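Down below is the structure, laid out as structure tokens.
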Amino acid sequence: MPDLPFSAYRRFDDDGDRLAYEKLYFRRRALVTALAAEALIDPAAEVGALEDALWSVCDEYTWALPAHEAHATDLDRGMDQCLDLFAALTAQLLAETVGVCGGRLHPRVAARVRDQVDHRVLSLLADDGRPLPWEGWAHNWAAVCGGCAGLAALALWDPGPRLTRVLDRCRRAQLTYLSGFGDDGGCAEGVGYWVFGFAHFVYFAEGLREFTGEDLLAHPKVSAVARFPGAVHLGGGLFPAFSDGEDRPRVPAGLAGQLARRLGVRVPAEAVEATDGGADLPRDWADLSRTLRWGAPVPAPAPEPEPPTAYLPDLAWLVDRGQGVAFAAKGGHNAEPHNHNDLGQFVLAARGEVLLADLGAGEYRKGYFDEATRYTFLHASSRAHSVPRVDTREQSAGGARAAEVLELHVHAHGAELTLDLADAYEVHGLTALRRAFSWHRDTGELLLVDEVETERPVPLEEVFVSRLYPELRADAVVWTGTEARAHLGLPEGCVPHVETVHTTDHEGAPDTVHLLRLGFDLVERRTRLPFRFTVGPCHPDGRPGPTEEGP
């Protein structure tokens with residue numbers, strides 16, 4: 001149970017570092033979760049260490065993270081009443097632990113937990129009518145904060161006016177969360193944040209159903225939202241890491257099992273956490289306890305496979321997979337939750353290996369969620385995406401910076417998508433920038449064509465992003481991975497250059513990114529720039545694929 005020293009807490013203000021404090025914080029929560037799970041599994045387990053851990057959490061200056069102080073200060077509250085995601089998660093962990101242990105905990109420990117959960121979290125919803133910021137946020141915050149607080153109240157309180165007020169507000173927060181989805185069920189934050197938000201929505205919905213009989217899972221949007229991971233799965237547990245996403249998010253087995261039982265929705269099996277060994281079990285109490293309670297998905301006949309092509313019109317995401325290769329591209333707008341300036345971004349993969357990449361979430365530091373500074377960070381800016389730079393300008397942020405879908409055609413062998421990206425750029429004289437994707441999974445070939453219309457000569461730079469180093473050849477570029485490779489034939493008139501960037505990933509670990517930059521001087525009013533990619537396996541001996549023409 002590591003300490004939470006002030007020297008770690010102050011780092012966020014001093015130098016922008018979040019991880020120094022958060023790593024200690026999450027180790028503490030993981031220990032409490034493990035001890036609580038032991039008590040849940042074994043009614044005879046000794047609870048002395050758990051009592052010490054609960055007492056220590058009750059001693060904490062705040063249950064929130066330093067990066068979220070505004071959730072207290074903006075409401076003139078002390079940090080002991082800062083209700084952010086992690087204060088809500090802590091409240092549920094502690095409240096349900098008291099419920100799980102019953103009379104096994106020392107009465108003074110149980111009473112202190114009840115008092116602290118009430119003071120730090122539940123009283124803000126039961127006794128103060130001022131709305132909390134997340135109650136109006138149509139993304140994961142509403143689901144997680146509202147869901148955890150509601151379940152904490154259900155674990156600790158008997159029916160009465162205070163419980164009713166908390167449940168009413170938490171229920172409304174879940175409906176706000178659902179309002180952020182279109183009819184296609186797509187989550188602009190990516191599959192990782194789908195897991196975070198939708199899991200806690202489901203956990204609260206099931207708790208509310210047990211208490212009141214109301215079934216939030218019957219909401220007309222829920223089935224489509226539940227199907228989102230299956231719709232965008234690239235194969236082998238791989239997903240597009242658009243926005244602050246990740247390539248390989250894991251779905252708690254309990255959540256997957258409950259979606260199968262209640263909604264008949266099967267999450268891709270390769271993405272579900274295994275339950276036959278502790279290493280893959282979730283560390284979040286809500287995920288772990290529901291997995292232990294509900295169990296993994298029951299083995300069943302193989303479900304009907306997802307169609308090879310999925311298009312989500314509200315997100316403007318196109319995903320196609322099959323025969324060992326996969327392609328994904330996105331339109332949308334540049335004011336999405338966890339937004340990146342990434343209109344026209346695409347991903348190519350083969351044999352479960354990402355070749356042309358989306359970097360996903362960067363390390364969360366001070367300024368990363370400040371609109372004034374967010375796009376100075378590599379991962380959130382268009383610089384780190386496979387999109388053009390026009391007249392030295394990157395894409396701009398904002399809801400008006402939107403891609404227009406000009407054409408979509410899905411066929412037996414792949415799909416075609418054309419977007420107009422001109423509104424993403426603040427460039428005088430740029431009248432159109434049409435990006436057309438023509439993808440054929442049978443051959444692993446992507447023809448990308450950018451058509452640019454300008455009123456004056458401008459320089460344009462195409463950027464293609466990968467964690468694999470691009471090998472420049474006379475008239476081609478090759479990215480070679482462990483199992484697969486990508487090949488790009490270079491068009492005439494470009495000046496290739498590779499920029500290697502050393503950065504950190506979401507966990508703060510060193511990460512190396514290679515940006516292939518192809519420069520063009522556009523002197524005609526209309527210019528067509530074609531790029532032909534092919535992706536496929538390497539030879540069995542690890543050598544690159546067969547020819548320069550394709551795999």
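So you can find residues: chains in the structure tokens are A, B, ... in the order shown, residues in each start at 1, and ligands are numbered from 1 in order.
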For Leu4 of chain A: contacts at 10 Å, only C-alpha atoms, fewer than 2 positions along chain excluded, given as a PyMOL selection string: chain A and resi 1-2+6-9+20-25+28+60-61
Set the distance at 10 Å and use only C-alpha atoms: which residues neighbour Glu69 of chain A once local chain neighbours fewer than 2 positions away are removed? I'd like the list as a ChimeraX atom specification. /A:62,64-67,71-74,77-79,81-84
Please return as a PyMOL selection string: the residues of segment 248-454 of chain A that backbone DSSP assigns to strand (DSSP E or B). chain A and resi 251+272+309-312+317-322+325-330+333-334+346-350+353-356+362+389-390+393+398-402+404-411+414-420+430-440+445-454
Selected residue, from A:Val465, A:Gly16, A:Arg104, A:His409, that lies nearest to Asp42 of chain A when counting only C-alpha atoms: A:Arg104
Using the chain letters and numbers from this document, which residues of segment 233-437 of chain A does DSSP assign to helix (DSSP H, G or I), as a VMD selection string? chain A and resid 253 to 263 269 to 271 278 to 280 285 to 294 374 to 376 382 to 384 422 to 424
Mind dumping the selected residues with C-alpha atoms as a PDB file, in the first residue's frame?
```pdb
ATOM      1  CA  ALA A 253     -15.458 -11.216 -19.357  1.00  0.00           C
ATOM      2  CA  GLY A 254     -18.382 -10.424 -17.075  1.00  0.00           C
ATOM      3  CA  LEU A 255     -19.513  -7.582 -19.320  1.00  0.00           C
ATOM      4  CA  ALA A 256     -19.177  -9.757 -22.424  1.00  0.00           C
ATOM      5  CA  GLY A 257     -21.151 -12.550 -20.786  1.00  0.00           C
ATOM      6  CA  GLN A 258     -23.949 -10.258 -19.670  1.00  0.00           C
ATOM      7  CA  LEU A 259     -24.275  -8.697 -23.131  1.00  0.00           C
ATOM      8  CA  ALA A 260     -24.600 -12.185 -24.600  1.00  0.00           C
ATOM      9  CA  ARG A 261     -27.220 -13.249 -22.037  1.00  0.00           C
ATOM     10  CA  ARG A 262     -29.280 -10.070 -21.930  1.00  0.00           C
ATOM     11  CA  LEU A 263     -28.979  -8.732 -25.473  1.00  0.00           C
ATOM     12  CA  ALA A 269     -13.849 -13.467 -28.456  1.00  0.00           C
ATOM     13  CA  GLU A 270     -10.247 -12.414 -29.135  1.00  0.00           C
ATOM     14  CA  ALA A 271     -10.918  -9.156 -27.238  1.00  0.00           C
ATOM     15  CA  GLY A 278      -5.212 -14.179 -12.902  1.00  0.00           C
ATOM     16  CA  ALA A 279      -2.903 -12.256 -15.208  1.00  0.00           C
ATOM     17  CA  ASP A 280      -5.709 -11.216 -17.546  1.00  0.00           C
ATOM     18  CA  TRP A 285     -13.399  -3.472  -8.892  1.00  0.00           C
ATOM     19  CA  ALA A 286     -16.590  -3.077 -10.892  1.00  0.00           C
ATOM     20  CA  ASP A 287     -15.196  -5.113 -13.787  1.00  0.00           C
ATOM     21  CA  LEU A 288     -13.662  -7.787 -11.572  1.00  0.00           C
ATOM     22  CA  SER A 289     -16.616  -8.196  -9.232  1.00  0.00           C
ATOM     23  CA  ARG A 290     -19.075  -8.509 -12.126  1.00  0.00           C
ATOM     24  CA  THR A 291     -16.829 -11.022 -13.843  1.00  0.00           C
ATOM     25  CA  LEU A 292     -16.721 -13.058 -10.639  1.00  0.00           C
ATOM     26  CA  ARG A 293     -20.480 -12.703 -10.162  1.00  0.00           C
ATOM     27  CA  TRP A 294     -21.743 -13.103 -13.721  1.00  0.00           C
ATOM     28  CA  ARG A 374      -4.206  20.189 -26.813  1.00  0.00           C
ATOM     29  CA  TYR A 375      -3.057  20.263 -30.422  1.00  0.00           C
ATOM     30  CA  THR A 376       0.500  21.144 -29.525  1.00  0.00           C
ATOM     31  CA  SER A 382      -2.900  16.151 -37.370  1.00  0.00           C
ATOM     32  CA  ARG A 383       0.895  16.006 -37.574  1.00  0.00           C
ATOM     33  CA  ALA A 384       0.733  12.476 -36.115  1.00  0.00           C
ATOM     34  CA  ALA A 422     -11.211  21.118 -47.300  1.00  0.00           C
ATOM     35  CA  ASP A 423     -13.100  22.475 -44.287  1.00  0.00           C
ATOM     36  CA  ALA A 424     -10.488  20.997 -41.973  1.00  0.00           C
TER      37      ALA A 424
END
```
Go through A:Pro305, A:Gly295, A:Pro457, A:Gly207 one by one, measure the shortest atom-to-atom distance of each to Phe520 of chain A using only C-alpha atoms, and give the residue with the smallest value.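 Among A:Pro305, A:Gly295, A:Pro457, A:Gly207, it is A:Pro457 that comes nearest to Phe520 of chain A.
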Grab the atom CA of Val405 of chain A to atom CA of Arg528 of chain A distance for me, in Å with one decimal place.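 Between these atoms lies a distance of 18.5 Å.
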Find the residue from A:Ala44, A:Val390, A:Val117, A:Leu132 that sits nearest to Ala87 of chain A; use only C-alpha atoms when measuring.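 Of all the options, A:Val117 lies closest to Ala87 of chain A.
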Looking at only C-alpha atoms, which of A:His200, A:Arg10, A:Lys330, A:Arg209 is the one that sits closest to Tyr311 of chain A?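 Looking at the shortest contact to Tyr311 of chain A, the residue is A:Lys330.
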I'd like the contact shell of segment 415-417 of chain A - 8 Å cut-off, only C-alpha atoms, skipping same-chain residues fewer than 4 positions apart - returned as a compact mmCIF listing (two decimals) with N, CA, C and O atoms, in the first residue's frame.
```
# COMPACT_ATOMS: atom_id res chain seq x y z
N THR A 309 -17.56 -5.80 -44.17
CA THR A 309 -17.51 -4.34 -44.22
C THR A 309 -18.54 -3.75 -43.27
O THR A 309 -19.68 -4.20 -43.22
N LEU A 318 -15.37 3.77 -41.63
CA LEU A 318 -15.47 2.62 -42.53
C LEU A 318 -14.43 1.59 -42.09
O LEU A 318 -13.26 1.91 -41.91
N ASP A 320 -13.13 -2.53 -42.88
CA ASP A 320 -13.25 -3.73 -43.70
C ASP A 320 -12.13 -4.70 -43.30
O ASP A 320 -10.98 -4.29 -43.10
N VAL A 405 -18.98 13.52 -46.48
CA VAL A 405 -18.97 12.23 -47.18
C VAL A 405 -19.60 12.44 -48.55
O VAL A 405 -20.79 12.74 -48.67
N LEU A 406 -18.78 12.27 -49.58
CA LEU A 406 -19.26 12.48 -50.95
C LEU A 406 -19.75 11.19 -51.58
O LEU A 406 -20.67 11.21 -52.40
N GLU A 407 -19.12 10.08 -51.22
CA GLU A 407 -19.49 8.81 -51.85
C GLU A 407 -19.13 7.65 -50.92
O GLU A 407 -18.08 7.67 -50.27
N LEU A 408 -20.01 6.67 -50.86
CA LEU A 408 -19.72 5.42 -50.17
C LEU A 408 -20.27 4.29 -51.02
O LEU A 408 -21.43 4.32 -51.44
N HIS A 409 -19.42 3.32 -51.29
CA HIS A 409 -19.85 2.15 -52.07
C HIS A 409 -19.22 0.91 -51.45
O HIS A 409 -17.99 0.80 -51.36
N VAL A 410 -20.06 0.00 -51.00
CA VAL A 410 -19.61 -1.26 -50.44
C VAL A 410 -19.88 -2.35 -51.46
O VAL A 410 -20.98 -2.44 -52.01
N HIS A 411 -18.86 -3.18 -51.74
CA HIS A 411 -19.03 -4.24 -52.72
C HIS A 411 -18.49 -5.55 -52.15
O HIS A 411 -18.01 -5.60 -51.01
N ALA A 436 -10.13 10.03 -51.68
CA ALA A 436 -10.88 8.84 -52.08
C ALA A 436 -10.10 7.59 -51.71
O ALA A 436 -8.91 7.45 -52.06
N PHE A 437 -10.77 6.68 -50.99
CA PHE A 437 -10.21 5.38 -50.64
C PHE A 437 -10.90 4.32 -51.49
O PHE A 437 -12.13 4.26 -51.52
N SER A 438 -10.12 3.48 -52.14
CA SER A 438 -10.66 2.32 -52.86
C SER A 438 -9.91 1.10 -52.35
O SER A 438 -8.72 0.91 -52.66
N TRP A 439 -10.60 0.27 -51.58
CA TRP A 439 -9.96 -0.84 -50.86
C TRP A 439 -10.47 -2.17 -51.39
O TRP A 439 -11.68 -2.37 -51.54
N HIS A 440 -9.52 -3.10 -51.68
CA HIS A 440 -9.86 -4.46 -52.12
C HIS A 440 -9.17 -5.44 -51.19
O HIS A 440 -7.94 -5.56 -51.20
```
Quick check, in Å to one decimal: how far apart do atom CA of Leu105 of chain A and atom CA of Trp157 of chain A lie? 17.4 Å
For Leu151 of chain A, the nearest of the candidates A:Glu455, A:Asp80, A:Glu96, A:Glu336, counting only C-alpha atoms: A:Glu96
Quick one: residues within 12 Å of His340 of chain A, only C-alpha atoms, excluding same-chain residues fewer than 2 positions away - as a PyMOL selection string? chain A and resi 188-190+241-245+330-338+342-345+358-362+368-369+371+374-385+387+394-399+401+424
Name the closest residue to Leu89 of chain A among the candidates A:Pro297, A:Pro159, A:Gly192, A:Gly146; distances are taken between atoms, counting only C-alpha atoms.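 Closest to Leu89 of chain A of all the choices is A:Gly146.
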Write out as an MDAnalysis selection string which residues come within 6 Å of Pro388 of chain A when counting only C-alpha atoms, dropping same-chain ones fewer than 3 positions away. chainID A and resid 461:463
Do you know which residues are at most 6 Å from segment 133-137 of chain A counting only C-alpha atoms, after dropping those on the same chain fewer than 4 positions away, and could you put them as a VMD selection string? chain A and resid 141 to 142 173
Saved selection, atoms kept: C-alpha atoms, as a short mmCIF file (atom, residue, chain, number, x, y, z; two decimals), in the first residue's frame:
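Saved file again26.cif follows:
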```
data_model
loop_
_atom_site.label_atom_id
_atom_site.label_comp_id
_atom_site.auth_asym_id
_atom_site.auth_seq_id
_atom_site.Cartn_x
_atom_site.Cartn_y
_atom_site.Cartn_z
CA TRP A 141 -17.82 10.55 -17.61
CA ALA A 142 -21.60 10.56 -17.25
CA ALA A 173 -26.71 10.78 -16.28
#
```
